[in-house]
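Each remark here refers to the structure printed beneath this line.
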Amino acid sequence: PPPPALWMADILDGKKIHSVSAHPNDGYTFATCDRTCTISLFDVRQRSKSGLKSISTYQTSRVQSCVKFSPCGRFLTTIGFDDLIHVFSEFMPKGFDKAKHCGIPHDNQTGRWLTPFKICFDPLEPSNIMVGSLHRTLQHFEKIDS
């Protein structure tokens with residue numbers, strides 16, 4: 001097979017990818033968010049001669065800057081300029097159509113000179129996330145699965 005950089009370039013159709021996250025457990029699935037406000041799931045086993053197409057997509061109202069799987073792979077989160085932290089659960093293997101989704105309000109309007117916020121999962125509790133804030137504090141969201 002060709003090096004990963006070659007088929008990655010082919011599958012994404014020239015879209016600017018803002019973030020990529022690999023599923024920590026299965027080794028085949030990865031998620032992206034791009035400049036078209038699309039969150040996509042890919043399975044590398046679905047690759048064909050014409051490239052790799054997403055197995056599921058979710059459209060947001062504004063661009064997402066970070067996509068991240070939880071360490072256990074149960075959650076997929078994104079954060080972006082729609083002022084929400086998107087949390088998906090129960091998306092494997094069905095994709096976004098059958099996933100549970102919630103949006104947590106978060107002010108992500110950092111301005112053009114600041115780097116967008118990134119999500120970090122709490123290492124002690126995988127259903128908790130942490131993210132920076134414009135209030136110069138660390139925001140800790142507990143039990144994102146409820």
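The way I read the labels, and the way they are meant: chains A, B, ... in the order of the structure tokens, residue 1 as the first residue of every chain, and ligand 1 as the first ligand shown, with later ones counted on from there.
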Quick one: contact table of segment 82-136 of chain A to segment 28-37 of chain A, 12 Å max, nearest atom pair and distance in Å to one decimal per residue, counting only C-alpha atoms, chain and number order, as CSV?
```
residue,atom,partner,partner_atom,distance
A:Asp82,CA,A:Cys37,CA,9.8
A:His86,CA,A:Cys33,CA,11.8
A:Phe88,CA,A:Ala31,CA,11.8
A:Phe91,CA,A:Thr29,CA,11.5
A:Met92,CA,A:Thr29,CA,9.4
A:Pro93,CA,A:Thr29,CA,9.6
A:Gly95,CA,A:Ala31,CA,10.8
A:Phe96,CA,A:Ala31,CA,11.4
```
Run DSSP on the backbone and give me the residues of segment 7-140 of chain A it puts in strand (DSSP E), as an MDAnalysis selection string. chainID A and resid 17:22 29:34 38:43 56:59 64:69 75:80 84:89 100:105 119:121 129:132 138:140
So that I can check the surroundings of Ser70 of chain A, please list as a PyMOL selection string every protein, DNA and RNA residue that reaches within 12 Å of it, counting only C-alpha atoms and ignoring chain neighbours fewer than 5 positions away. chain A and resi 21-25+31+75-78+87-89+119-130+144-145
Take the selection from the previous step and output its residues with N, CA, C and O atoms, as a CSV table (one decimal), in the first residue's frame.
```
chain,number,residue,atom,x,y,z
A,21,SER,N,-8.2,13.0,14.6
A,21,SER,CA,-8.0,12.2,15.8
A,21,SER,C,-8.3,10.7,15.4
A,21,SER,O,-9.2,10.4,14.8
A,22,ALA,N,-7.4,9.9,15.9
A,22,ALA,CA,-7.5,8.4,15.6
A,22,ALA,C,-8.2,7.8,16.8
A,22,ALA,O,-8.0,8.2,18.0
A,23,HIS,N,-9.1,6.8,16.5
A,23,HIS,CA,-9.8,6.1,17.6
A,23,HIS,C,-8.7,5.3,18.4
A,23,HIS,O,-7.9,4.6,17.8
A,24,PRO,N,-8.7,5.4,19.7
A,24,PRO,CA,-7.6,4.8,20.5
A,24,PRO,C,-7.7,3.3,20.6
A,24,PRO,O,-6.7,2.7,20.9
A,25,ASN,N,-8.8,2.7,20.2
A,25,ASN,CA,-8.9,1.2,20.5
A,25,ASN,C,-9.0,0.4,19.2
A,25,ASN,O,-8.4,-0.7,19.2
A,31,ALA,N,-11.3,10.5,12.8
A,31,ALA,CA,-12.2,11.5,12.6
A,31,ALA,C,-11.5,12.8,12.2
A,31,ALA,O,-10.4,13.0,12.6
A,75,PHE,N,-16.3,8.5,23.5
A,75,PHE,CA,-16.8,9.8,23.1
A,75,PHE,C,-16.0,10.4,22.0
A,75,PHE,O,-14.8,10.1,21.8
A,76,LEU,N,-16.6,11.2,21.2
A,76,LEU,CA,-16.0,12.1,20.2
A,76,LEU,C,-16.4,13.5,20.4
A,76,LEU,O,-17.6,13.7,20.5
A,77,THR,N,-15.5,14.4,20.6
A,77,THR,CA,-15.8,15.8,20.9
A,77,THR,C,-15.2,16.7,19.9
A,77,THR,O,-14.2,16.4,19.3
A,78,THR,N,-15.9,17.8,19.6
A,78,THR,CA,-15.3,18.9,18.8
A,78,THR,C,-15.6,20.2,19.5
A,78,THR,O,-16.5,20.3,20.3
A,87,VAL,N,-20.5,16.9,21.7
A,87,VAL,CA,-20.1,15.6,22.3
A,87,VAL,C,-21.0,14.5,21.7
A,87,VAL,O,-22.2,14.6,21.7
A,88,PHE,N,-20.4,13.5,21.1
A,88,PHE,CA,-21.1,12.4,20.5
A,88,PHE,C,-20.7,11.1,21.3
A,88,PHE,O,-19.6,10.9,21.7
A,89,SER,N,-21.7,10.3,21.5
A,89,SER,CA,-21.5,9.0,22.1
A,89,SER,C,-22.3,8.0,21.4
A,89,SER,O,-23.2,8.4,20.7
A,119,ILE,N,-9.6,20.6,23.2
A,119,ILE,CA,-10.2,19.9,24.2
A,119,ILE,C,-9.3,18.9,24.8
A,119,ILE,O,-8.5,18.3,24.1
A,120,CYS,N,-9.3,18.6,26.1
A,120,CYS,CA,-8.5,17.6,26.8
A,120,CYS,C,-9.4,16.8,27.7
A,120,CYS,O,-10.3,17.4,28.4
A,121,PHE,N,-9.3,15.5,27.6
A,121,PHE,CA,-10.1,14.7,28.5
A,121,PHE,C,-9.4,14.5,29.9
A,121,PHE,O,-8.1,14.4,29.9
A,122,ASP,N,-10.1,14.5,30.9
A,122,ASP,CA,-9.6,14.3,32.3
A,122,ASP,C,-9.0,12.9,32.4
A,122,ASP,O,-9.7,11.9,32.1
A,123,PRO,N,-7.7,12.8,32.7
A,123,PRO,CA,-7.1,11.5,32.7
A,123,PRO,C,-7.7,10.6,33.8
A,123,PRO,O,-7.5,9.3,33.7
A,124,LEU,N,-8.3,11.1,34.8
A,124,LEU,CA,-8.8,10.3,35.9
A,124,LEU,C,-10.3,9.9,35.7
A,124,LEU,O,-10.7,9.0,36.3
A,125,GLU,N,-11.0,10.7,34.9
A,125,GLU,CA,-12.4,10.4,34.6
A,125,GLU,C,-12.7,10.7,33.2
A,125,GLU,O,-12.9,11.8,32.8
A,126,PRO,N,-12.8,9.6,32.4
A,126,PRO,CA,-13.0,9.8,30.9
A,126,PRO,C,-14.3,10.4,30.4
A,126,PRO,O,-14.4,10.8,29.3
A,127,SER,N,-15.2,10.6,31.3
A,127,SER,CA,-16.4,11.3,30.9
A,127,SER,C,-16.4,12.8,31.3
A,127,SER,O,-17.4,13.5,31.2
A,128,ASN,N,-15.2,13.3,31.7
A,128,ASN,CA,-15.0,14.7,32.0
A,128,ASN,C,-14.1,15.3,31.0
A,128,ASN,O,-13.1,14.7,30.6
A,129,ILE,N,-14.3,16.6,30.6
A,129,ILE,CA,-13.4,17.3,29.7
A,129,ILE,C,-13.0,18.6,30.3
A,129,ILE,O,-13.7,19.2,31.1
A,130,MET,N,-11.8,19.0,29.8
A,130,MET,CA,-11.3,20.3,30.2
A,130,MET,C,-11.0,21.1,29.0
A,130,MET,O,-10.6,20.6,28.0
A,144,ILE,N,-20.1,14.3,30.8
A,144,ILE,CA,-20.5,14.7,29.5
A,144,ILE,C,-21.5,13.7,28.9
A,144,ILE,O,-22.1,14.0,27.9
A,145,ASP,N,-21.5,12.5,29.5
A,145,ASP,CA,-22.4,11.4,29.0
A,145,ASP,C,-23.8,11.5,29.5
A,145,ASP,O,-24.7,10.7,29.1
```
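Nearest to Lys68 of chain A of all the residues A:Ser40, A:Asn108, A:Gln139, A:Ser133 is A:Ser40, counting only C-alpha atoms.
One finds atom CA of Gly80 of chain A at 20.4 Å from atom CA of Lys143 of chain A.
Candidate residues A:Val67, A:Arg74, A:Gly27, A:Thr38 were compared for distance to Ala99 of chain A, and the nearest is A:Arg74, using only C-alpha atoms.
The coordinates place atom CA of Lys53 of chain A at 21.1 Å from atom CA of Gly73 of chain A.
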Record the distance separating atom CA of Glu142 of chain A and atom CA of Lys94 of chain A, expressed in Å with one decimal. 25.5 Å
Could you pull out the alpha helix (DSSP H) residues of chain A, going by DSSP on the backbone, and write them as an NGL selection string? :A and (4-11)
Tell me which protein, DNA and RNA residues are within 10 Å of Asp97 of chain A, counting only C-alpha atoms, leaving out same-chain ones fewer than 6 positions away, and put them as a list in words. Ser56, Thr57, Tyr58 and Phe91 of chain A
Given the selection you just returned, output its residues as a file containing all heavy atoms, formatted as a PDB file, in the first residue's frame.
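New file out27.pdb:
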```
ATOM      1  N   SER A  56     -19.405   8.363   7.733  1.00  0.00           N
ATOM      2  CA  SER A  56     -20.469   9.152   8.332  1.00  0.00           C
ATOM      3  C   SER A  56     -19.998  10.595   8.460  1.00  0.00           C
ATOM      4  O   SER A  56     -18.807  10.840   8.674  1.00  0.00           O
ATOM      5  CB  SER A  56     -20.820   8.588   9.710  1.00  0.00           C
ATOM      6  OG  SER A  56     -21.942   9.243  10.249  1.00  0.00           O
ATOM      7  N   THR A  57     -20.938  11.539   8.324  1.00  0.00           N
ATOM      8  CA  THR A  57     -20.600  12.954   8.485  1.00  0.00           C
ATOM      9  C   THR A  57     -21.649  13.642   9.347  1.00  0.00           C
ATOM     10  O   THR A  57     -22.788  13.186   9.444  1.00  0.00           O
ATOM     11  CB  THR A  57     -20.514  13.699   7.133  1.00  0.00           C
ATOM     12  OG1 THR A  57     -21.778  13.620   6.478  1.00  0.00           O
ATOM     13  CG2 THR A  57     -19.422  13.126   6.253  1.00  0.00           C
ATOM     14  N   TYR A  58     -21.236  14.734   9.954  1.00  0.00           N
ATOM     15  CA  TYR A  58     -22.136  15.579  10.737  1.00  0.00           C
ATOM     16  C   TYR A  58     -21.820  17.016  10.355  1.00  0.00           C
ATOM     17  O   TYR A  58     -20.667  17.435  10.377  1.00  0.00           O
ATOM     18  CB  TYR A  58     -21.920  15.352  12.231  1.00  0.00           C
ATOM     19  CG  TYR A  58     -22.882  16.121  13.098  1.00  0.00           C
ATOM     20  CD1 TYR A  58     -24.129  15.593  13.412  1.00  0.00           C
ATOM     21  CD2 TYR A  58     -22.545  17.375  13.603  1.00  0.00           C
ATOM     22  CE1 TYR A  58     -25.023  16.296  14.206  1.00  0.00           C
ATOM     23  CE2 TYR A  58     -23.435  18.085  14.389  1.00  0.00           C
ATOM     24  CZ  TYR A  58     -24.666  17.547  14.692  1.00  0.00           C
ATOM     25  OH  TYR A  58     -25.545  18.248  15.473  1.00  0.00           O
ATOM     26  N   PHE A  91     -21.600   6.265  18.808  1.00  0.00           N
ATOM     27  CA  PHE A  91     -21.502   6.484  17.365  1.00  0.00           C
ATOM     28  C   PHE A  91     -20.818   5.328  16.649  1.00  0.00           C
ATOM     29  O   PHE A  91     -20.841   5.264  15.424  1.00  0.00           O
ATOM     30  CB  PHE A  91     -20.738   7.784  17.058  1.00  0.00           C
ATOM     31  CG  PHE A  91     -19.390   7.828  17.700  1.00  0.00           C
ATOM     32  CD1 PHE A  91     -18.291   7.324  17.061  1.00  0.00           C
ATOM     33  CD2 PHE A  91     -19.254   8.352  18.970  1.00  0.00           C
ATOM     34  CE1 PHE A  91     -17.054   7.339  17.668  1.00  0.00           C
ATOM     35  CE2 PHE A  91     -18.017   8.387  19.581  1.00  0.00           C
ATOM     36  CZ  PHE A  91     -16.917   7.876  18.935  1.00  0.00           C
TER      37      PHE A  91
END
```
